[in-house]
file input.txt (compact mmCIF, C-alpha atoms)
# COMPACT_ATOMS: atom_id res chain seq x y z
CA MET A 1 -55.29 48.96 21.74
CA ASN A 2 -57.32 52.19 21.57
CA GLN A 3 -60.80 52.46 20.12
CA GLN A 4 -59.69 54.14 16.89
CA THR A 5 -57.07 51.50 16.08
CA LYS A 6 -59.59 48.79 16.81
CA LYS A 7 -62.04 50.48 14.41
CA LYS A 8 -59.37 50.67 11.70
CA LEU A 9 -58.75 46.94 12.05
CA VAL A 10 -62.40 45.88 12.24
CA GLN A 11 -63.87 48.18 9.58
CA PRO A 12 -62.07 46.51 6.60
CA LEU A 13 -63.22 43.09 7.83
CA LYS A 14 -66.80 44.35 8.05
CA ASN A 15 -66.43 45.83 4.57
CA ILE A 16 -65.27 42.50 3.11
CA LEU A 17 -67.95 40.50 4.93
CA SER A 18 -70.73 42.90 3.92
CA ASN A 19 -69.74 42.47 0.26
CA LEU A 20 -69.60 38.69 0.54
CA PRO A 21 -73.29 37.98 -0.30
CA ILE A 22 -73.06 39.95 -3.55
CA MET A 23 -69.72 38.34 -4.42
CA LEU A 24 -71.17 34.87 -3.76
CA SER A 25 -74.22 35.76 -5.87
CA ILE A 26 -72.02 36.81 -8.79
CA ILE A 27 -69.92 33.63 -8.50
CA LEU A 28 -73.04 31.44 -8.34
CA ILE A 29 -74.57 33.27 -11.34
CA LEU A 30 -71.30 32.74 -13.23
CA GLY A 31 -71.64 29.01 -12.59
CA LEU A 32 -75.14 29.07 -14.09
CA VAL A 33 -74.07 31.19 -17.07
CA LYS A 34 -71.17 28.82 -17.78
CA ASN A 35 -73.35 25.70 -17.75
CA PHE A 36 -76.74 26.93 -18.98
CA ILE A 37 -75.82 29.72 -21.43
CA SER A 38 -72.04 29.25 -21.87
CA PHE A 39 -69.51 32.04 -22.15
CA ASP A 40 -68.94 31.04 -25.78
CA ASN A 41 -72.45 32.29 -26.63
CA ILE A 42 -71.77 35.58 -24.83
CA ALA A 43 -68.48 35.83 -26.70
CA LYS A 44 -70.51 35.75 -29.96
CA LEU A 45 -71.83 39.23 -29.08
CA PHE A 46 -68.28 40.44 -29.63
CA SER A 47 -67.49 40.72 -33.31
CA GLY A 48 -63.69 40.73 -33.24
CA ASN A 49 -63.65 44.36 -34.41
CA PRO A 50 -61.50 46.10 -31.75
CA ILE A 51 -63.46 49.39 -31.84
CA TYR A 52 -66.90 47.76 -31.63
CA ASP A 53 -65.73 45.25 -28.99
CA THR A 54 -64.11 47.98 -26.91
CA PHE A 55 -67.32 50.03 -27.09
CA LEU A 56 -69.44 47.01 -26.11
CA GLY A 57 -67.07 46.14 -23.23
CA SER A 58 -67.23 49.73 -22.01
CA ILE A 59 -71.05 49.82 -22.13
CA LEU A 60 -71.33 46.46 -20.33
CA GLY A 61 -69.03 47.69 -17.55
CA SER A 62 -71.00 50.93 -17.26
CA ILE A 63 -74.31 49.13 -16.76
CA MET A 64 -72.93 46.68 -14.21
CA ALA A 65 -71.96 47.87 -10.76
CA GLY A 66 -70.57 46.60 -7.50
CA ASN A 67 -67.28 45.57 -5.99
CA SER A 68 -64.39 45.49 -8.46
CA ILE A 69 -63.59 41.91 -7.42
CA ASN A 70 -66.71 40.87 -9.31
CA SER A 71 -65.50 42.63 -12.45
CA TYR A 72 -62.20 40.69 -12.21
CA ILE A 73 -64.06 37.39 -11.95
CA ILE A 74 -66.28 38.22 -14.94
CA GLY A 75 -63.29 39.64 -16.86
CA THR A 76 -61.35 36.40 -16.37
CA GLU A 77 -64.24 34.39 -17.78
CA MET A 78 -64.39 36.77 -20.75
CA LEU A 79 -60.66 36.18 -21.22
CA HIS A 80 -61.19 32.40 -21.22
CA SER A 81 -63.88 32.86 -23.88
CA ASN A 82 -61.33 34.55 -26.14
CA ILE A 83 -63.02 37.95 -26.00
CA SER A 84 -60.65 40.68 -27.18
CA ILE A 85 -58.35 42.05 -24.47
CA TYR A 86 -59.29 45.60 -25.57
CA ALA A 87 -62.92 44.88 -24.68
CA ILE A 88 -62.02 43.28 -21.34
CA ILE A 89 -59.85 46.22 -20.26
CA ALA A 90 -62.54 48.71 -21.32
CA PHE A 91 -65.03 46.62 -19.34
CA LEU A 92 -62.81 46.70 -16.21
CA ALA A 93 -62.20 50.46 -16.57
CA SER A 94 -65.84 51.44 -17.09
CA TRP A 95 -66.95 49.17 -14.22
CA VAL A 96 -65.06 51.43 -11.80
CA THR A 97 -65.23 54.83 -13.49
CA VAL A 98 -68.78 54.99 -14.87
CA GLY A 99 -71.79 54.65 -12.61
CA PHE A 100 -75.10 54.51 -14.48
CA ILE A 101 -76.81 53.22 -11.32
CA GLN A 102 -75.40 56.09 -9.24
CA ILE A 103 -76.49 58.81 -11.69
CA PRO A 104 -79.48 60.05 -9.58
CA ALA A 105 -77.24 60.49 -6.52
CA GLU A 106 -74.52 62.16 -8.59
CA ILE A 107 -77.05 64.60 -10.10
CA SER A 108 -78.39 65.53 -6.68
CA TYR A 109 -74.90 66.51 -5.48
CA PHE A 110 -73.25 67.96 -8.59
CA GLY A 111 -76.04 68.73 -11.06
CA LYS A 112 -77.11 67.27 -14.42
CA LYS A 113 -74.45 68.95 -16.56
CA PHE A 114 -71.47 67.69 -14.56
CA THR A 115 -72.96 64.18 -14.21
CA PHE A 116 -73.65 63.93 -17.93
CA ILE A 117 -70.22 65.23 -18.97
CA ARG A 118 -68.34 63.07 -16.44
CA ASN A 119 -70.11 59.83 -17.29
CA VAL A 120 -69.94 60.29 -21.07
CA LEU A 121 -66.24 61.20 -20.84
CA SER A 122 -65.63 58.20 -18.59
CA VAL A 123 -67.19 55.83 -21.15
CA PHE A 124 -64.88 57.20 -23.87
CA LEU A 125 -61.83 57.25 -21.59
CA SER A 126 -62.55 53.64 -20.61
CA MET A 127 -62.51 52.75 -24.30
CA LEU A 128 -59.27 54.68 -24.64
CA THR A 129 -57.85 52.77 -21.65
CA GLY A 130 -58.76 49.52 -23.41
CA ILE A 131 -57.05 50.61 -26.63
CA ILE A 132 -53.91 51.99 -24.91
CA VAL A 133 -53.39 49.07 -22.50
CA GLY A 134 -54.35 46.47 -25.10
CA SER A 135 -51.88 47.94 -27.61
CA LEU A 136 -49.07 48.27 -25.04
CA LEU A 137 -49.57 44.67 -23.94
CA GLY A 138 -48.99 43.60 -27.51
CA VAL A 139 -45.79 45.66 -27.79
CA LEU A 140 -44.18 45.20 -24.36
CA MET B 1 -78.57 54.46 8.52
CA LYS B 2 -81.82 53.46 6.82
CA ASP B 3 -80.03 53.43 3.43
CA LYS B 4 -77.30 51.21 4.85
CA LYS B 5 -79.90 48.78 6.18
CA THR B 6 -81.82 48.75 2.87
CA SER B 7 -78.60 48.15 0.96
CA SER B 8 -77.68 45.32 3.33
CA ASN B 9 -81.13 43.77 2.91
CA LYS B 10 -80.81 44.06 -0.88
CA ARG B 11 -77.61 41.99 -0.72
CA PHE B 12 -79.46 39.19 1.02
CA TYR B 13 -82.44 39.44 -1.34
CA ILE B 14 -80.09 38.96 -4.28
CA ILE B 15 -78.36 35.88 -2.86
CA GLY B 16 -81.78 34.58 -1.80
CA LEU B 17 -83.02 34.94 -5.39
CA VAL B 18 -79.92 33.18 -6.69
CA ILE B 19 -80.44 30.27 -4.27
CA ILE B 20 -84.11 29.99 -5.31
CA THR B 21 -83.01 29.99 -8.98
CA TYR B 22 -80.58 27.15 -8.20
CA LEU B 23 -83.33 25.15 -6.49
CA ILE B 24 -85.70 25.62 -9.45
CA LEU B 25 -83.02 24.70 -11.97
CA PHE B 26 -82.02 21.70 -9.86
CA TYR B 27 -85.55 20.38 -10.27
CA PHE B 28 -85.29 20.62 -14.09
CA ASN B 29 -81.63 19.72 -14.66
CA LYS B 30 -79.74 18.20 -11.73
CA VAL B 31 -76.46 17.56 -13.56
CA LYS B 32 -76.03 21.07 -14.96
CA THR B 33 -77.04 22.68 -11.65
CA ILE B 34 -74.54 20.58 -9.68
CA ASP B 35 -71.86 21.41 -12.27
CA SER B 36 -72.71 25.11 -11.88
CA PHE B 37 -72.37 24.93 -8.11
CA THR B 38 -69.11 22.96 -8.31
CA TYR B 39 -67.70 25.55 -10.70
CA ALA B 40 -68.80 28.44 -8.43
CA TRP B 41 -67.39 26.69 -5.35
CA GLY B 42 -64.03 26.29 -7.12
CA ILE B 43 -63.88 30.02 -7.85
CA PHE B 44 -64.83 30.85 -4.24
CA ILE B 45 -62.09 28.60 -2.78
CA GLU B 46 -59.53 30.30 -5.06
CA ILE B 47 -60.59 33.73 -3.80
CA ILE B 48 -60.43 33.09 -0.02
CA PRO B 49 -56.63 33.55 0.43
CA ILE B 50 -56.73 36.66 -1.74
CA LEU B 51 -59.42 38.16 0.47
CA GLY B 52 -56.98 37.81 3.40
CA LEU B 53 -54.39 39.77 1.47
CA ILE B 54 -56.96 42.43 0.58
CA TYR B 55 -57.81 42.78 4.27
CA ILE B 56 -54.15 43.49 5.10
CA PHE B 57 -53.97 46.14 2.34
CA MET B 58 -57.19 47.77 3.53
CA VAL B 59 -55.87 47.99 7.09
CA ILE B 60 -52.64 49.62 5.85
CA PHE B 61 -54.59 52.21 3.84
CA ASN B 62 -56.85 52.87 6.82
CA PHE B 63 -53.83 54.25 8.67
CA ILE B 64 -53.08 56.90 6.03
CA PRO B 65 -54.26 60.27 7.46
CA GLU B 66 -56.82 61.27 4.80
CA LYS B 67 -57.94 64.33 6.82
CA LYS B 68 -54.52 65.95 6.59
CA LEU B 69 -54.36 65.20 2.88
CA ARG B 70 -57.80 66.77 2.34
CA ALA B 71 -56.81 69.91 4.26
CA TYR B 72 -53.68 70.28 2.13
CA MET B 73 -55.64 69.75 -1.06
CA GLN B 74 -57.92 72.71 -0.31
CA LYS B 75 -54.91 75.04 -0.34
CA THR B 76 -53.77 74.03 -3.82
CA SER B 77 -55.02 74.89 -7.30
CA GLY B 78 -54.85 73.91 -10.97
CA PHE B 79 -52.63 70.97 -11.91
CA TYR B 80 -51.58 70.29 -8.31
CA GLN B 81 -55.20 70.06 -7.29
CA TYR B 82 -55.77 67.48 -10.04
CA LEU B 83 -52.69 65.60 -8.87
CA ILE B 84 -53.71 65.55 -5.21
CA LEU B 85 -57.29 64.61 -5.99
CA SER B 86 -56.11 61.80 -8.27
CA LEU B 87 -53.81 60.48 -5.53
CA LEU B 88 -56.57 60.82 -2.96
CA GLY B 89 -58.91 58.92 -5.28
CA MET B 90 -56.36 56.12 -5.52
CA ILE B 91 -55.95 55.65 -1.78
CA SER B 92 -59.55 56.24 -0.72
CA HIS B 93 -61.87 53.31 -0.37
CA GLY B 94 -65.56 52.61 0.04
CA PRO B 95 -68.28 53.14 -2.54
CA ILE B 96 -68.00 56.13 -4.87
CA TYR B 97 -71.33 57.65 -3.72
CA ALA B 98 -70.13 57.76 -0.09
CA TRP B 99 -67.71 60.48 -1.17
CA TYR B 100 -70.28 62.70 -2.92
CA PRO B 101 -71.17 64.75 0.22
CA ILE B 102 -67.49 65.52 1.03
CA LEU B 103 -66.67 66.40 -2.59
CA SER B 104 -69.79 68.54 -2.88
CA ASP B 105 -68.76 70.37 0.31
CA LEU B 106 -65.20 70.85 -0.97
CA LYS B 107 -66.63 72.20 -4.23
CA THR B 108 -68.00 75.16 -2.27
CA ARG B 109 -64.50 75.66 -0.78
CA GLY B 110 -62.67 76.04 -4.07
CA LEU B 111 -62.46 72.61 -5.65
CA THR B 112 -63.05 72.60 -9.41
CA TYR B 113 -65.43 70.19 -11.14
CA GLY B 114 -62.41 68.85 -13.00
CA SER B 115 -60.72 67.90 -9.75
CA ILE B 116 -63.85 66.06 -8.65
CA GLY B 117 -63.77 64.23 -12.00
CA ALA B 118 -60.10 63.36 -11.49
CA TYR B 119 -60.86 61.99 -8.04
CA LEU B 120 -63.80 59.88 -9.22
CA PHE B 121 -61.85 58.56 -12.23
CA SER B 122 -58.69 57.61 -10.34
CA LYS B 123 -60.87 55.93 -7.72
CA GLY B 124 -60.96 53.23 -10.39
CA ILE B 125 -57.43 52.28 -9.32
CA LYS B 126 -58.02 49.97 -6.42
CA LEU B 127 -54.71 49.78 -4.58
CA THR B 128 -56.15 47.35 -2.07
CA LEU B 129 -57.20 45.00 -4.87
CA ILE B 130 -53.92 45.07 -6.78
CA PRO B 131 -52.84 41.60 -5.50
CA LEU B 132 -56.12 40.16 -6.77
CA MET B 133 -55.86 41.94 -10.12
CA ILE B 134 -52.29 40.62 -10.54
CA TYR B 135 -53.55 37.15 -9.66
CA TYR B 136 -56.23 37.29 -12.36
CA PHE B 137 -54.59 39.33 -15.13
CA GLY B 138 -50.85 39.42 -14.41
CA ALA B 139 -48.53 42.17 -13.17
CA LYS B 140 -47.95 43.74 -16.61
CA LEU B 141 -51.63 44.37 -17.33
CA THR B 142 -52.25 45.57 -13.77
CA VAL B 143 -49.42 48.12 -13.87
CA LEU B 144 -50.35 49.37 -17.35
CA PHE B 145 -54.04 49.56 -16.42
CA SER B 146 -53.38 51.53 -13.21
CA ALA B 147 -50.86 53.88 -14.85
CA THR B 148 -53.23 54.56 -17.77
CA LEU B 149 -56.19 55.28 -15.50
CA PHE B 150 -54.03 57.61 -13.41
CA SER B 151 -52.78 59.50 -16.50
CA LEU B 152 -56.25 59.73 -18.06
CA SER B 153 -57.67 61.16 -14.82
CA PHE B 154 -55.80 64.40 -15.70
CA ILE B 155 -57.35 64.47 -19.18
CA GLN B 156 -60.74 63.81 -17.59
CA ALA B 157 -60.17 66.71 -15.16
CA PHE B 158 -59.00 69.10 -17.89
CA LEU B 159 -61.92 68.28 -20.21
CA ILE B 160 -64.52 68.57 -17.45
CA ASP B 161 -63.20 71.99 -16.43
CA LEU B 162 -63.19 72.99 -20.09
CA PHE B 163 -66.81 71.89 -20.68
CA MET B 164 -68.00 73.26 -17.34
CA ASN B 165 -66.24 76.59 -18.06
CA GLU B 166 -64.35 76.37 -14.76
CA LYS B 167 -61.51 78.79 -14.07
CA LYS B 168 -58.09 77.21 -14.42
CA SER B 169 -57.21 77.73 -10.81
CA ALA B 170 -59.54 77.21 -7.95
CA THR B 171 -60.08 79.78 -5.26
CA PRO B 172 -58.13 78.73 -2.20
CA VAL B 173 -59.91 78.55 1.09
CA GLU B 174 -59.44 81.47 3.45

call {"tool": "encode", "arguments": {"input": "input.txt", "output": "structure tokens"}}
result
Amino acid sequence: MNQQTKKKLVQPLKNILSNLPIMLSIILILGLVKNFISFDNIAKLFSGNPIYDTFLGSILGSIMAGNSINSYIIGTEMLHSNISIYAIIAFLASWVTVGFIQIPAEISYFGKKFTFIRNVLSVFLSMLTGIIVGSLLGVL
Amino acid sequence: MKDKKTSSNKRFYIIGLVIITYLILFYFNKVKTIDSFTYAWGIFIEIIPILGLIYIFMVIFNFIPEKKLRAYMQKTSGFYQYLILSLLGMISHGPIYAWYPILSDLKTRGLTYGSIGAYLFSKGIKLTLIPLMIYYFGAKLTVLFSATLFSLSFIQAFLIDLFMNEKKSATPVE
């Protein structure tokens, strides 16, 4: 096995292992939230209005960052708490497409104008993703 | 290198803080803290086999020659550039900010801002994580979600180029 092939096999394992502490942290925090705060209380933030909920889901996903696996875990808990599917999909979409935390780095490479336009558009397109996918799920 | 080390340290600080929080809460409410840990442990056990599957997917995608794809992309313009960048975004992995230097460099070689937007948006489709997404949300939602993100990456690209006053077709590299 040559060096490059070895690297291609080892690098994904390193990637997974390096993300493990954060993943474990999220899972452990979820345990605390479930027992000390309860997802039902978080669900109360969502009004049941699809537009407002989708917007809130999108903003929550934009603020949070990290491996997408964590967004799936949180999204599943939101689902169990009967939070609207529109909001959950918008949350999942904005988690991966909007990066509030990465804004300084993005500005340094592409400038303020591009960073502002891209992130604002991504928030709205995440909401749109929530509305489109949520509606199609109801029809299909 | 320093950034990588700082980021790695941050990961351990976070889990360290979480463990300290558990210990403090255990002192005040043993039952709820043990319930929290049991719940978290259950989720972790569920995830382990999926992580194996993700590893296999990541290895497969590691063997796709991204360099060749990037070279081809530089020769294209307009809609095809959006398409290639969206596809490249789908198959690329690693954190989004790791790609900023390459994209910034390609921008000087004829890439439009819209194409960069398309790439960053479609990076939201995590091909390697599709088995996990199906496991959590079902195949229907996963397919619809991925297809919608892919389609909207073109709208993102078009709107960014419109707002940034970019020319419709990029200048190909000599």

call {"tool": "closest_residue", "arguments": {"input": "input.txt", "among": "A:Gly48, A:Thr54, A:Ser81, A:Ile89", "to": "chain B", "atoms": "all atoms listed in the file"}}
result
A:Ile89

call {"tool": "interface_residues", "arguments": {"input": "input.txt", "of": "chain A", "to": "chain B", "cutoff": "7 Å", "atoms": "all atoms listed in the file", "output": "number ranges by chain"}}
result
A: 8-9, 12-13, 21-22, 25, 27-28, 30-32, 35, 72, 76, 93, 96-97, 109-110, 117-118, 121, 129, 133, 137

call {"tool": "residues_around", "arguments": {"input": "input.txt", "residues": "A:Ala90", "least_positions_apart": "4", "cutoff": "7 Å", "atoms": "all atoms listed in the file", "output": "PDB file with C-alpha atoms, in the coordinates of the input"}}
result
ATOM      1  CA  THR A  54     -64.110  47.980 -26.910  1.00  0.00           C
ATOM      2  CA  GLY A  57     -67.070  46.140 -23.230  1.00  0.00           C
ATOM      3  CA  SER A  58     -67.230  49.730 -22.010  1.00  0.00           C
ATOM      4  CA  TYR A  86     -59.290  45.600 -25.570  1.00  0.00           C
ATOM      5  CA  SER A  94     -65.840  51.440 -17.090  1.00  0.00           C
ATOM      6  CA  SER A 126     -62.550  53.640 -20.610  1.00  0.00           C
ATOM      7  CA  MET A 127     -62.510  52.750 -24.300  1.00  0.00           C
ATOM      8  CA  THR A 129     -57.850  52.770 -21.650  1.00  0.00           C
ATOM      9  CA  GLY A 130     -58.760  49.520 -23.410  1.00  0.00           C
TER      10      GLY A 130
END

call {"tool": "atom_distance", "arguments": {"input": "input.txt", "atom1": "atom CA of A:Phe114", "atom2": "atom CA of B:Tyr119"}}
result
13.7 Å

call {"tool": "atom_distance", "arguments": {"input": "input.txt", "atom1": "atom CA of B:Lys67", "atom2": "atom CA of A:Leu17"}}
result
25.9 Å

call {"tool": "residues_near_point", "arguments": {"input": "input.txt", "point": "(-64.2, 30.1, -25.0)", "cutoff": "12 Å", "atoms": "all atoms listed in the file", "output": "JSON, numbers by chain"}}
result
{"A": [34, 38, 39, 40, 41, 42, 43, 44, 76, 77, 78, 79, 80, 81, 82, 83, 84]}

call {"tool": "atom_distance", "arguments": {"input": "input.txt", "atom1": "atom CA of B:Ser77", "atom2": "atom CA of A:Phe100"}}
result
29.5 Å

call {"tool": "closest_residue", "arguments": {"input": "input.txt", "among": "A:Ser135, A:Ser122, A:Ser18, A:Ser108", "to": "B:Phe154", "atoms": "all atoms listed in the file"}}
result
A:Ser122

call {"tool": "closest_residue", "arguments": {"input": "input.txt", "among": "B:Ile134, B:Leu162, B:Leu85, B:Leu106", "to": "B:Phe150", "atoms": "only C-alpha atoms"}}
result
B:Leu85
